[in-house]
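A.B. asks: This is the content of upload.pdb (PDB, C-alpha atoms and all ligand atoms):
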```pdb
ATOM      1  CA  MET A   1      35.741 -32.609 -52.917  1.00  0.00           C
ATOM      2  CA  ILE A   2      33.611 -29.701 -51.603  1.00  0.00           C
ATOM      3  CA  LYS A   3      33.265 -26.803 -53.994  1.00  0.00           C
ATOM      4  CA  ALA A   4      34.206 -23.280 -52.764  1.00  0.00           C
ATOM      5  CA  GLY A   5      30.612 -22.009 -53.432  1.00  0.00           C
ATOM      6  CA  VAL A   6      29.070 -24.731 -51.237  1.00  0.00           C
ATOM      7  CA  LEU A   7      31.619 -24.014 -48.488  1.00  0.00           C
ATOM      8  CA  LYS A   8      30.741 -20.309 -48.622  1.00  0.00           C
ATOM      9  CA  LYS A   9      27.012 -21.134 -48.378  1.00  0.00           C
ATOM     10  CA  CYS A  10      27.654 -23.412 -45.376  1.00  0.00           C
ATOM     11  CA  THR A  11      29.647 -20.672 -43.626  1.00  0.00           C
ATOM     12  CA  LEU A  12      26.847 -18.158 -44.257  1.00  0.00           C
ATOM     13  CA  TYR A  13      24.213 -20.594 -42.885  1.00  0.00           C
ATOM     14  CA  LEU A  14      26.416 -21.190 -39.825  1.00  0.00           C
ATOM     15  CA  LEU A  15      26.836 -17.450 -39.219  1.00  0.00           C
ATOM     16  CA  PHE A  16      23.080 -16.911 -39.703  1.00  0.00           C
ATOM     17  CA  SER A  17      22.283 -19.699 -37.198  1.00  0.00           C
ATOM     18  CA  LEU A  18      24.741 -18.323 -34.649  1.00  0.00           C
ATOM     19  CA  THR A  19      23.226 -14.825 -34.991  1.00  0.00           C
ATOM     20  CA  LEU A  20      19.733 -16.290 -34.507  1.00  0.00           C
ATOM     21  CA  VAL A  21      20.883 -18.130 -31.360  1.00  0.00           C
ATOM     22  CA  LEU A  22      22.466 -14.908 -30.064  1.00  0.00           C
ATOM     23  CA  ILE A  23      19.257 -12.900 -30.699  1.00  0.00           C
ATOM     24  CA  CYS A  24      17.173 -15.584 -28.916  1.00  0.00           C
ATOM     25  CA  PHE A  25      19.628 -15.506 -26.022  1.00  0.00           C
ATOM     26  CA  LEU A  26      19.397 -11.696 -25.749  1.00  0.00           C
ATOM     27  CA  PHE A  27      15.571 -11.868 -25.825  1.00  0.00           C
ATOM     28  CA  PHE A  28      15.686 -14.507 -23.094  1.00  0.00           C
ATOM     29  CA  ILE A  29      17.897 -12.278 -20.912  1.00  0.00           C
ATOM     30  CA  TYR A  30      15.587  -9.294 -21.577  1.00  0.00           C
ATOM     31  CA  PHE A  31      12.415 -11.184 -20.619  1.00  0.00           C
ATOM     32  CA  GLU A  32      14.047 -12.761 -17.590  1.00  0.00           C
ATOM     33  CA  SER A  33      15.175  -9.359 -16.279  1.00  0.00           C
ATOM     34  CA  ASN A  34      11.709  -7.864 -16.878  1.00  0.00           C
ATOM     35  CA  LYS A  35      10.099 -10.871 -15.218  1.00  0.00           C
ATOM     36  CA  HIS A  36      12.237 -10.139 -12.171  1.00  0.00           C
ATOM     37  CA  ASP A  37      11.088  -6.509 -12.218  1.00  0.00           C
ATOM     38  CA  VAL A  38       7.425  -7.540 -12.324  1.00  0.00           C
ATOM     39  CA  ILE A  39       7.875  -9.998  -9.466  1.00  0.00           C
ATOM     40  CA  ALA A  40       9.812  -7.470  -7.409  1.00  0.00           C
ATOM     41  CA  GLY A  41       7.133  -4.842  -8.043  1.00  0.00           C
ATOM     42  CA  ASN A  42       9.503  -2.492  -9.880  1.00  0.00           C
ATOM     43  CA  ILE A  43       7.293  -1.870 -12.900  1.00  0.00           C
ATOM     44  CA  LYS A  44       7.051   1.841 -13.594  1.00  0.00           C
ATOM     45  CA  PRO A  45       3.599   3.253 -12.851  1.00  0.00           C
ATOM     46  CA  VAL A  46       1.509   4.212 -15.864  1.00  0.00           C
ATOM     47  CA  GLU A  47       2.044   7.905 -16.629  1.00  0.00           C
ATOM     48  CA  ALA A  48      -0.664  10.107 -15.109  1.00  0.00           C
ATOM     49  CA  VAL A  49      -1.453  11.637 -18.501  1.00  0.00           C
ATOM     50  CA  ASP A  50      -2.593   8.186 -19.715  1.00  0.00           C
ATOM     51  CA  CYS A  51      -4.975   7.898 -16.789  1.00  0.00           C
ATOM     52  CA  ILE A  52      -7.110  10.987 -17.413  1.00  0.00           C
ATOM     53  CA  LEU A  53      -9.817   9.061 -19.268  1.00  0.00           C
ATOM     54  CA  GLU A  54      -9.283   5.769 -17.484  1.00  0.00           C
ATOM     55  CA  PRO A  55     -10.133   4.639 -13.970  1.00  0.00           C
ATOM     56  CA  THR A  56      -7.103   4.454 -11.699  1.00  0.00           C
ATOM     57  CA  VAL A  57      -6.895   1.553  -9.290  1.00  0.00           C
ATOM     58  CA  VAL A  58      -5.614   2.756  -5.913  1.00  0.00           C
ATOM     59  CA  ILE A  59      -4.072  -0.170  -4.054  1.00  0.00           C
ATOM     60  CA  ASP A  60      -3.920   0.557  -0.328  1.00  0.00           C
ATOM     61  CA  PRO A  61      -1.720  -1.691   1.848  1.00  0.00           C
ATOM     62  CA  GLY A  62      -3.286  -1.307   5.315  1.00  0.00           C
ATOM     63  CA  HIS A  63      -1.315  -0.165   8.396  1.00  0.00           C
ATOM     64  CA  GLY A  64       2.484   0.427   8.328  1.00  0.00           C
ATOM     65  CA  GLY A  65       5.292   1.811  10.497  1.00  0.00           C
ATOM     66  CA  VAL A  66       4.415   1.788  14.214  1.00  0.00           C
ATOM     67  CA  ASP A  67       0.976   0.367  13.383  1.00  0.00           C
ATOM     68  CA  GLY A  68       1.645  -3.294  12.576  1.00  0.00           C
ATOM     69  CA  GLY A  69      -2.025  -4.357  12.446  1.00  0.00           C
ATOM     70  CA  CYS A  70      -2.777  -7.862  13.696  1.00  0.00           C
ATOM     71  CA  VAL A  71      -0.080 -10.462  14.419  1.00  0.00           C
ATOM     72  CA  GLY A  72      -0.046 -14.223  13.682  1.00  0.00           C
ATOM     73  CA  SER A  73       1.041 -16.833  16.249  1.00  0.00           C
ATOM     74  CA  ASN A  74       4.330 -17.245  14.343  1.00  0.00           C
ATOM     75  CA  GLY A  75       5.052 -13.493  14.603  1.00  0.00           C
ATOM     76  CA  THR A  76       3.770 -12.576  11.126  1.00  0.00           C
ATOM     77  CA  THR A  77       2.808  -8.897  11.045  1.00  0.00           C
ATOM     78  CA  GLU A  78      -0.227  -7.824   9.046  1.00  0.00           C
ATOM     79  CA  LYS A  79       1.405  -4.647   7.660  1.00  0.00           C
ATOM     80  CA  ASP A  80       4.141  -6.716   5.913  1.00  0.00           C
ATOM     81  CA  ILE A  81       1.753  -9.191   4.238  1.00  0.00           C
ATOM     82  CA  ASN A  82      -0.500  -6.284   3.219  1.00  0.00           C
ATOM     83  CA  LEU A  83       2.442  -4.577   1.484  1.00  0.00           C
ATOM     84  CA  SER A  84       3.768  -7.723  -0.179  1.00  0.00           C
ATOM     85  CA  LEU A  85       0.352  -8.716  -1.569  1.00  0.00           C
ATOM     86  CA  SER A  86      -0.370  -5.137  -2.653  1.00  0.00           C
ATOM     87  CA  GLU A  87       2.945  -4.957  -4.572  1.00  0.00           C
ATOM     88  CA  LYS A  88       2.120  -8.167  -6.424  1.00  0.00           C
ATOM     89  CA  THR A  89      -1.393  -6.945  -7.282  1.00  0.00           C
ATOM     90  CA  TYR A  90      -0.031  -3.559  -8.391  1.00  0.00           C
ATOM     91  CA  SER A  91       2.617  -5.184 -10.604  1.00  0.00           C
ATOM     92  CA  LEU A  92       0.059  -7.401 -12.317  1.00  0.00           C
ATOM     93  CA  LEU A  93      -2.373  -4.525 -12.854  1.00  0.00           C
ATOM     94  CA  SER A  94       0.391  -2.312 -14.292  1.00  0.00           C
ATOM     95  CA  THR A  95       1.520  -5.126 -16.574  1.00  0.00           C
ATOM     96  CA  SER A  96      -2.094  -5.515 -17.740  1.00  0.00           C
ATOM     97  CA  GLY A  97      -2.080  -1.849 -18.769  1.00  0.00           C
ATOM     98  CA  MET A  98      -4.322  -0.633 -15.920  1.00  0.00           C
ATOM     99  CA  CYS A  99      -3.601   2.755 -14.393  1.00  0.00           C
ATOM    100  CA  SER A 100      -2.704   1.964 -10.820  1.00  0.00           C
ATOM    101  CA  VAL A 101      -1.017   3.561  -7.839  1.00  0.00           C
ATOM    102  CA  MET A 102      -0.183   2.477  -4.299  1.00  0.00           C
ATOM    103  CA  THR A 103      -0.913   4.590  -1.215  1.00  0.00           C
ATOM    104  CA  ARG A 104       2.319   3.389   0.395  1.00  0.00           C
ATOM    105  CA  THR A 105       5.341   1.491  -0.904  1.00  0.00           C
ATOM    106  CA  GLU A 106       7.339   1.624   2.341  1.00  0.00           C
ATOM    107  CA  ASP A 107       6.841   0.400   5.892  1.00  0.00           C
ATOM    108  CA  GLU A 108       5.292   3.654   7.112  1.00  0.00           C
ATOM    109  CA  LEU A 109       2.108   5.390   8.200  1.00  0.00           C
ATOM    110  CA  LEU A 110       0.977   8.267   5.999  1.00  0.00           C
ATOM    111  CA  TYR A 111      -0.140  10.791   8.648  1.00  0.00           C
ATOM    112  CA  ASP A 112       2.460  13.455   7.756  1.00  0.00           C
ATOM    113  CA  LYS A 113       2.332  13.084   3.970  1.00  0.00           C
ATOM    114  CA  TYR A 114       0.825  16.551   3.448  1.00  0.00           C
ATOM    115  CA  ASN A 115       2.460  18.307   6.443  1.00  0.00           C
ATOM    116  CA  ASP A 116      -0.927  19.453   7.776  1.00  0.00           C
ATOM    117  CA  LEU A 117       0.221  19.725  11.408  1.00  0.00           C
ATOM    118  CA  GLY A 118       3.419  20.492  13.281  1.00  0.00           C
ATOM    119  CA  ASP A 119       2.652  17.946  15.958  1.00  0.00           C
ATOM    120  CA  TYR A 120       0.742  14.726  15.241  1.00  0.00           C
ATOM    121  CA  THR A 121       0.774  13.429  18.820  1.00  0.00           C
ATOM    122  CA  GLY A 122      -2.432  11.445  19.377  1.00  0.00           C
ATOM    123  CA  LYS A 123      -3.531  12.116  15.777  1.00  0.00           C
ATOM    124  CA  LYS A 124      -1.326   9.784  13.741  1.00  0.00           C
ATOM    125  CA  LYS A 125      -4.006   7.139  13.154  1.00  0.00           C
ATOM    126  CA  ILE A 126      -6.740   9.549  12.072  1.00  0.00           C
ATOM    127  CA  TYR A 127      -4.418  11.544   9.779  1.00  0.00           C
ATOM    128  CA  ASP A 128      -3.112   8.294   8.301  1.00  0.00           C
ATOM    129  CA  VAL A 129      -6.589   7.213   7.173  1.00  0.00           C
ATOM    130  CA  LYS A 130      -7.580  10.765   6.172  1.00  0.00           C
ATOM    131  CA  ASN A 131      -4.539  10.842   3.875  1.00  0.00           C
ATOM    132  CA  ARG A 132      -5.369   7.468   2.326  1.00  0.00           C
ATOM    133  CA  VAL A 133      -8.710   8.994   1.331  1.00  0.00           C
ATOM    134  CA  ARG A 134      -6.935  12.173   0.118  1.00  0.00           C
ATOM    135  CA  ILE A 135      -4.426  10.215  -2.005  1.00  0.00           C
ATOM    136  CA  THR A 136      -7.321   8.297  -3.570  1.00  0.00           C
ATOM    137  CA  GLU A 137      -9.291  11.458  -4.342  1.00  0.00           C
ATOM    138  CA  GLU A 138      -6.286  13.024  -6.108  1.00  0.00           C
ATOM    139  CA  ASN A 139      -7.073  10.633  -8.974  1.00  0.00           C
ATOM    140  CA  ILE A 140      -9.780  11.602 -11.452  1.00  0.00           C
ATOM    141  CA  SER A 141     -11.673   8.301 -11.537  1.00  0.00           C
ATOM    142  CA  PRO A 142     -10.380   6.137  -8.692  1.00  0.00           C
ATOM    143  CA  ILE A 143     -11.246   2.576  -7.714  1.00  0.00           C
ATOM    144  CA  PHE A 144     -10.069   1.946  -4.148  1.00  0.00           C
ATOM    145  CA  ILE A 145      -8.859  -1.479  -2.966  1.00  0.00           C
ATOM    146  CA  SER A 146      -7.576  -1.710   0.599  1.00  0.00           C
ATOM    147  CA  ILE A 147      -5.663  -4.871   1.508  1.00  0.00           C
ATOM    148  CA  HIS A 148      -5.859  -6.178   5.102  1.00  0.00           C
ATOM    149  CA  MET A 149      -5.531  -9.381   7.134  1.00  0.00           C
ATOM    150  CA  ASN A 150      -8.063 -10.492   9.723  1.00  0.00           C
ATOM    151  CA  SER A 151      -7.738 -11.881  13.256  1.00  0.00           C
ATOM    152  CA  PHE A 152     -10.123 -13.378  15.819  1.00  0.00           C
ATOM    153  CA  PRO A 153      -9.609 -14.916  19.291  1.00  0.00           C
ATOM    154  CA  ASP A 154     -11.119 -18.243  18.130  1.00  0.00           C
ATOM    155  CA  LYS A 155      -8.479 -19.751  15.810  1.00  0.00           C
ATOM    156  CA  LYS A 156     -10.983 -21.825  13.816  1.00  0.00           C
ATOM    157  CA  TYR A 157     -12.140 -18.958  11.602  1.00  0.00           C
ATOM    158  CA  SER A 158     -10.580 -18.531   8.150  1.00  0.00           C
ATOM    159  CA  GLY A 159     -11.279 -17.178   4.673  1.00  0.00           C
ATOM    160  CA  THR A 160     -11.382 -13.963   2.683  1.00  0.00           C
ATOM    161  CA  GLN A 161     -14.189 -11.472   3.291  1.00  0.00           C
ATOM    162  CA  VAL A 162     -14.744  -8.292   1.294  1.00  0.00           C
ATOM    163  CA  TYR A 163     -16.266  -5.130   2.810  1.00  0.00           C
ATOM    164  CA  PHE A 164     -17.768  -2.460   0.593  1.00  0.00           C
ATOM    165  CA  SER A 165     -18.435   1.256   0.912  1.00  0.00           C
ATOM    166  CA  PRO A 166     -22.093   2.160   1.494  1.00  0.00           C
ATOM    167  CA  ASN A 167     -21.672   5.270  -0.678  1.00  0.00           C
ATOM    168  CA  SER A 168     -21.928   3.738  -4.184  1.00  0.00           C
ATOM    169  CA  LYS A 169     -23.686   0.749  -5.703  1.00  0.00           C
ATOM    170  CA  ASP A 170     -20.527  -0.010  -7.702  1.00  0.00           C
ATOM    171  CA  SER A 171     -18.681  -0.751  -4.462  1.00  0.00           C
ATOM    172  CA  LYS A 172     -21.077  -3.630  -3.801  1.00  0.00           C
ATOM    173  CA  LEU A 173     -20.627  -4.972  -7.340  1.00  0.00           C
ATOM    174  CA  LEU A 174     -16.824  -4.799  -7.003  1.00  0.00           C
ATOM    175  CA  ALA A 175     -17.004  -6.615  -3.642  1.00  0.00           C
ATOM    176  CA  GLU A 176     -19.248  -9.325  -5.116  1.00  0.00           C
ATOM    177  CA  THR A 177     -16.857  -9.828  -8.033  1.00  0.00           C
ATOM    178  CA  LEU A 178     -13.837 -10.136  -5.726  1.00  0.00           C
ATOM    179  CA  GLN A 179     -15.563 -12.416  -3.201  1.00  0.00           C
ATOM    180  CA  SER A 180     -16.964 -14.809  -5.818  1.00  0.00           C
ATOM    181  CA  THR A 181     -13.695 -14.993  -7.784  1.00  0.00           C
ATOM    182  CA  VAL A 182     -11.618 -15.729  -4.658  1.00  0.00           C
ATOM    183  CA  THR A 183     -14.115 -18.431  -3.645  1.00  0.00           C
ATOM    184  CA  LYS A 184     -14.216 -19.960  -7.115  1.00  0.00           C
ATOM    185  CA  TYR A 185     -10.469 -20.159  -7.715  1.00  0.00           C
ATOM    186  CA  ILE A 186      -8.628 -20.390  -4.394  1.00  0.00           C
ATOM    187  CA  GLN A 187     -11.042 -20.959  -1.485  1.00  0.00           C
ATOM    188  CA  VAL A 188     -13.760 -23.362  -2.645  1.00  0.00           C
ATOM    189  CA  ASP A 189     -14.987 -23.974   0.950  1.00  0.00           C
ATOM    190  CA  ASN A 190     -15.338 -20.270   1.760  1.00  0.00           C
ATOM    191  CA  THR A 191     -18.993 -19.489   2.554  1.00  0.00           C
ATOM    192  CA  ARG A 192     -18.444 -15.895   3.651  1.00  0.00           C
ATOM    193  CA  ALA A 193     -20.626 -13.161   2.173  1.00  0.00           C
ATOM    194  CA  ILE A 194     -19.645  -9.582   1.371  1.00  0.00           C
ATOM    195  CA  LYS A 195     -20.431  -7.004   4.077  1.00  0.00           C
ATOM    196  CA  LYS A 196     -21.495  -3.363   3.945  1.00  0.00           C
ATOM    197  CA  ALA A 197     -18.970  -1.310   5.940  1.00  0.00           C
ATOM    198  CA  ASN A 198     -20.126   0.877   8.808  1.00  0.00           C
ATOM    199  CA  SER A 199     -18.497   4.090  10.019  1.00  0.00           C
ATOM    200  CA  SER A 200     -15.815   2.117  11.896  1.00  0.00           C
ATOM    201  CA  ILE A 201     -14.015   1.616   8.553  1.00  0.00           C
ATOM    202  CA  TYR A 202     -13.120   5.269   7.974  1.00  0.00           C
ATOM    203  CA  VAL A 203     -11.838   4.961   4.396  1.00  0.00           C
ATOM    204  CA  LEU A 204     -14.968   3.167   3.138  1.00  0.00           C
ATOM    205  CA  ASP A 205     -17.219   5.498   5.130  1.00  0.00           C
ATOM    206  CA  ARG A 206     -15.693   8.594   3.480  1.00  0.00           C
ATOM    207  CA  LEU A 207     -14.942   7.561  -0.103  1.00  0.00           C
ATOM    208  CA  THR A 208     -17.687   7.963  -2.714  1.00  0.00           C
ATOM    209  CA  CYS A 209     -15.879   6.138  -5.540  1.00  0.00           C
ATOM    210  CA  PRO A 210     -16.057   2.312  -5.888  1.00  0.00           C
ATOM    211  CA  ALA A 211     -14.251   1.282  -2.707  1.00  0.00           C
ATOM    212  CA  VAL A 212     -13.666  -2.052  -0.958  1.00  0.00           C
ATOM    213  CA  LEU A 213     -11.537  -3.411   1.864  1.00  0.00           C
ATOM    214  CA  ILE A 214     -10.399  -7.017   1.474  1.00  0.00           C
ATOM    215  CA  GLU A 215      -9.782  -8.973   4.678  1.00  0.00           C
ATOM    216  CA  CYS A 216      -7.676 -11.542   2.824  1.00  0.00           C
ATOM    217  CA  GLY A 217      -7.605 -14.161   5.561  1.00  0.00           C
ATOM    218  CA  PHE A 218      -7.090 -14.778   9.284  1.00  0.00           C
ATOM    219  CA  LEU A 219      -3.559 -14.552  10.712  1.00  0.00           C
ATOM    220  CA  SER A 220      -5.093 -16.012  13.914  1.00  0.00           C
ATOM    221  CA  ASN A 221      -5.710 -19.292  12.023  1.00  0.00           C
ATOM    222  CA  ASP A 222      -2.317 -21.072  11.997  1.00  0.00           C
ATOM    223  CA  GLU A 223      -2.922 -22.889   8.688  1.00  0.00           C
ATOM    224  CA  GLU A 224      -4.138 -19.776   6.886  1.00  0.00           C
ATOM    225  CA  CYS A 225      -1.323 -17.693   8.403  1.00  0.00           C
ATOM    226  CA  ILE A 226       1.241 -20.037   6.769  1.00  0.00           C
ATOM    227  CA  LEU A 227      -0.615 -19.774   3.439  1.00  0.00           C
ATOM    228  CA  LEU A 228      -0.798 -15.971   3.586  1.00  0.00           C
ATOM    229  CA  ASN A 229       2.963 -15.882   4.164  1.00  0.00           C
ATOM    230  CA  ASP A 230       3.591 -18.108   1.155  1.00  0.00           C
ATOM    231  CA  ASP A 231       4.899 -16.321  -1.951  1.00  0.00           C
ATOM    232  CA  ILE A 232       3.050 -18.603  -4.405  1.00  0.00           C
ATOM    233  CA  TYR A 233      -0.251 -18.256  -2.516  1.00  0.00           C
ATOM    234  CA  GLN A 234       0.186 -14.458  -2.525  1.00  0.00           C
ATOM    235  CA  LYS A 235       0.775 -14.547  -6.289  1.00  0.00           C
ATOM    236  CA  LYS A 236      -2.388 -16.639  -6.801  1.00  0.00           C
ATOM    237  CA  MET A 237      -4.358 -14.171  -4.704  1.00  0.00           C
ATOM    238  CA  ALA A 238      -2.898 -11.222  -6.642  1.00  0.00           C
ATOM    239  CA  VAL A 239      -3.919 -12.866  -9.949  1.00  0.00           C
ATOM    240  CA  VAL A 240      -7.472 -13.356  -8.646  1.00  0.00           C
ATOM    241  CA  PHE A 241      -7.653  -9.730  -7.444  1.00  0.00           C
ATOM    242  CA  CYS A 242      -6.298  -8.481 -10.775  1.00  0.00           C
ATOM    243  CA  ALA A 243      -8.782 -10.596 -12.794  1.00  0.00           C
ATOM    244  CA  SER A 244     -11.692  -9.393 -10.620  1.00  0.00           C
ATOM    245  CA  ILE A 245     -10.667  -5.740 -10.946  1.00  0.00           C
ATOM    246  CA  LEU A 246     -10.279  -6.006 -14.738  1.00  0.00           C
ATOM    247  CA  ASN A 247     -13.657  -7.723 -14.960  1.00  0.00           C
ATOM    248  CA  PHE A 248     -15.344  -5.067 -12.827  1.00  0.00           C
ATOM    249  CA  THR A 249     -13.608  -2.201 -14.643  1.00  0.00           C
ATOM    250  CA  GLU A 250     -14.861  -3.382 -18.023  1.00  0.00           C
ATOM    251  CA  ASP A 251     -18.508  -3.191 -16.827  1.00  0.00           C
ATOM    252  CA  TYR A 252     -17.834   0.043 -14.913  1.00  0.00           C
ATOM    253  CA  VAL A 253     -16.379   1.815 -17.971  1.00  0.00           C
ATOM    254  CA  ASN A 254     -19.067   0.473 -20.335  1.00  0.00           C
ATOM    255  CA  GLN A 255     -21.904   1.713 -18.130  1.00  0.00           C
ATOM    256  CA  GLY A 256     -20.276   5.169 -18.297  1.00  0.00           C
TER     257      GLY A 256
HETATM  258 ZN    ZN B   1      -5.984  -4.355   9.138  1.00  0.00          ZN
END
```
With the file now loaded, output its structure as structure tokens.
C.D. replies:
Amino acid sequence: MIKAGVLKKCTLYLLFSLTLVLICFLFFIYFESNKHDVIAGNIKPVEAVDCILEPTVVIDPGHGGVDGGCVGSNGTTEKDINLSLSEKTYSLLSTSGMCSVMTRTEDELLYDKYNDLGDYTGKKKIYDVKNRVRITEENISPIFISIHMNSFPDKKYSGTQVYFSPNSKDSKLLAETLQSTVTKYIQVDNTRAIKKANSSIYVLDRLTCPAVLIECGFLSNDEECILLNDDIYQKKMAVVFCASILNFTEDYVNQG
């Protein structure tokens, strides 16, 4: 015969176990919903006040709106991949505690962001890039990363290549870090070297902060175009970008 005291103890243990299971379940739901937010790029940006003493990473998805950039043979548009990869990189950086912002989060050009003109006819492209520089310079200590896709008439070419601004030695270091990390972890056959940008890349020509433009791969290469469209491949690339930026930032901050 079971004594009343033992029965009471058993009931308490049962209640305790059920509560524990419920708490675990609630934690699971919480983490799953946050995981979804990170993947969807809905993480709230770090408050500006936290970024005063820290570098802010400005992620710039190239092109947008009427300017689609280059197009793959399967109809892939550069502007869409640029935005998707930028969102993933931004989410990871924010989750890592880095101050980061994006120049655009929608499918749009940024020429009329500051309402400088009444009529932008014939000036949309130049005001778009001017404003990308302006957005970057609104941050106290920016690090500029522009995300693009490449294209070439000969379909055989593939691989990431990073361009750097000629205006600061840190830009070259950032480009080297990104290029070598991409090669090491996701493109072991990539023999491309980093390249100093000339005046044809307006944003790198004008910015004086650490600034790079990543040509992530060639949409004109059918195999690479499929990869660049792939969600998992984009996530891998975002992780590599994030790791490179964190690595660079540590040295950049320490050197003062
Ligand atoms: Zn482009």
A.B. asks: Run through the PyMOL selection byres (((chain A and resi 104) around 12) and not hetatm) on the given coordinates and return the selected residues as a PyMOL selection string.
C.D. replies: chain A and resi 58-65+79-80+82-84+86-87+90+101-103+105-111+113+128-129+131-132+135-136+146-147
A.B. asks: Pull C-alpha atoms from the residues just selected and write them as an mmCIF file, in the frame of the given file.
C.D. replies:
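Saved result, out15.cif, follows:
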```cif
data_model
loop_
_atom_site.group_PDB
_atom_site.id
_atom_site.type_symbol
_atom_site.label_atom_id
_atom_site.label_comp_id
_atom_site.auth_asym_id
_atom_site.auth_seq_id
_atom_site.Cartn_x
_atom_site.Cartn_y
_atom_site.Cartn_z
ATOM 1 C CA VAL A 58 -5.614 2.756 -5.913
ATOM 2 C CA ILE A 59 -4.072 -0.170 -4.054
ATOM 3 C CA ASP A 60 -3.920 0.557 -0.328
ATOM 4 C CA PRO A 61 -1.720 -1.691 1.848
ATOM 5 C CA GLY A 62 -3.286 -1.307 5.315
ATOM 6 C CA HIS A 63 -1.315 -0.165 8.396
ATOM 7 C CA GLY A 64 2.484 0.427 8.328
ATOM 8 C CA GLY A 65 5.292 1.811 10.497
ATOM 9 C CA LYS A 79 1.405 -4.647 7.660
ATOM 10 C CA ASP A 80 4.141 -6.716 5.913
ATOM 11 C CA ASN A 82 -0.500 -6.284 3.219
ATOM 12 C CA LEU A 83 2.442 -4.577 1.484
ATOM 13 C CA SER A 84 3.768 -7.723 -0.179
ATOM 14 C CA SER A 86 -0.370 -5.137 -2.653
ATOM 15 C CA GLU A 87 2.945 -4.957 -4.572
ATOM 16 C CA TYR A 90 -0.031 -3.559 -8.391
ATOM 17 C CA VAL A 101 -1.017 3.561 -7.839
ATOM 18 C CA MET A 102 -0.183 2.477 -4.299
ATOM 19 C CA THR A 103 -0.913 4.590 -1.215
ATOM 20 C CA THR A 105 5.341 1.491 -0.904
ATOM 21 C CA GLU A 106 7.339 1.624 2.341
ATOM 22 C CA ASP A 107 6.841 0.400 5.892
ATOM 23 C CA GLU A 108 5.292 3.654 7.112
ATOM 24 C CA LEU A 109 2.108 5.390 8.200
ATOM 25 C CA LEU A 110 0.977 8.267 5.999
ATOM 26 C CA TYR A 111 -0.140 10.791 8.648
ATOM 27 C CA LYS A 113 2.332 13.084 3.970
ATOM 28 C CA ASP A 128 -3.112 8.294 8.301
ATOM 29 C CA VAL A 129 -6.589 7.213 7.173
ATOM 30 C CA ASN A 131 -4.539 10.842 3.875
ATOM 31 C CA ARG A 132 -5.369 7.468 2.326
ATOM 32 C CA ILE A 135 -4.426 10.215 -2.005
ATOM 33 C CA THR A 136 -7.321 8.297 -3.570
ATOM 34 C CA SER A 146 -7.576 -1.710 0.599
ATOM 35 C CA ILE A 147 -5.663 -4.871 1.508
#
```
A.B. asks: Restricting the calculation to all atoms listed in the file: of A:His148, A:Lys123, A:Lys88, A:Arg206, which residue gets closest to ligand ZN 1 (chain B)?
C.D. replies: A:His148
A.B. asks: Determine, using all atoms listed in the file, which residues of stretch 50-144 of chain A have any atom at most 10 Å from an atom of stretch 150-153 of chain A, and tabulate each with its shortest atom pair and distance in Å to one decimal place, rows ordered by chain and then rising number, as JSON lines.
C.D. replies:
```
{"residue": "A:Gly69", "atom": "CA", "partner": "A:Asn150", "partner_atom": "CA", "distance": 9.0}
{"residue": "A:Cys70", "atom": "CA", "partner": "A:Ser151", "partner_atom": "CA", "distance": 6.4}
{"residue": "A:Val71", "atom": "CA", "partner": "A:Ser151", "partner_atom": "CA", "distance": 7.9}
{"residue": "A:Gly72", "atom": "CA", "partner": "A:Ser151", "partner_atom": "CA", "distance": 8.1}
{"residue": "A:Glu78", "atom": "CA", "partner": "A:Asn150", "partner_atom": "CA", "distance": 8.3}
```
A.B. asks: Considering only C-alpha atoms and all ligand atoms, state which residue in the set A:Asp112, A:Asp170, A:Phe218, A:Leu93 is at the smallest distance from ligand ZN 1 (chain B).
C.D. replies: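 Looking only at the distances to ligand ZN 1 (chain B), the closest residue turns out to be A:Phe218.
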A.B. asks: Grab the atom CA of A:Lys125 to atom CA of A:Leu213 distance for me, in Å with one decimal place.
C.D. replies: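 For atom CA of A:Lys125 relative to atom CA of A:Leu213, the distance reads 17.2 Å.
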A.B. asks: Give me the residues within 6 Å of A:Tyr163 as a list in words, counting all atoms listed in the file and dropping any in the same chain fewer than 5 places off.
C.D. replies: Ile194, Lys195, Lys196, Ala197, Val212 and Leu213 of chain A
A.B. asks: When distances are computed from all atoms listed in the file, which of A:Val57, A:Ile214, A:Leu174, A:Cys209 shows the smallest separation from ligand ZN 1 (chain B)?
C.D. replies: A:Ile214
A.B. asks: What is the atom CA of A:Thr208 to atom CA of A:Thr89 distance in Å?
C.D. replies: 22.6 Å
A.B. asks: At what distance in Å, to one decimal, does atom CA of A:Asn198 lie from atom CA of A:Val162?
C.D. replies: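 Separation of atom CA of A:Val162 and atom CA of A:Asn198: 13.0 Å.
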A.B. asks: List, as a list in words, every residue that the PyMOL selection byres (((chain A and resi 190) around 10) and not hetatm) selects in the file provided.
C.D. replies: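 Those residues are Ser158, Gly159, Thr160, Gln161, Gln179, Ser180, Val182, Thr183, Lys184, Ile186, Gln187, Val188, Asp189, Thr191, Arg192 and Ala193 of chain A.
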A.B. asks: If you count all atoms listed in the file, which residues fall within 7 Å of A:Val240, apart from same-chain ones fewer than 3 positions away, as a list in words?
C.D. replies: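 Non-adjacent residues within range: Thr181, Val182, Lys236, Met237, Ala243 and Ser244 of chain A.
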A.B. asks: Counting all atoms listed in the file, what is within 12 Å of A:Asn254, bar same-chain residues fewer than 6 positions away, as a ChimeraX atom specification?
C.D. replies: /A:54-55,247-248
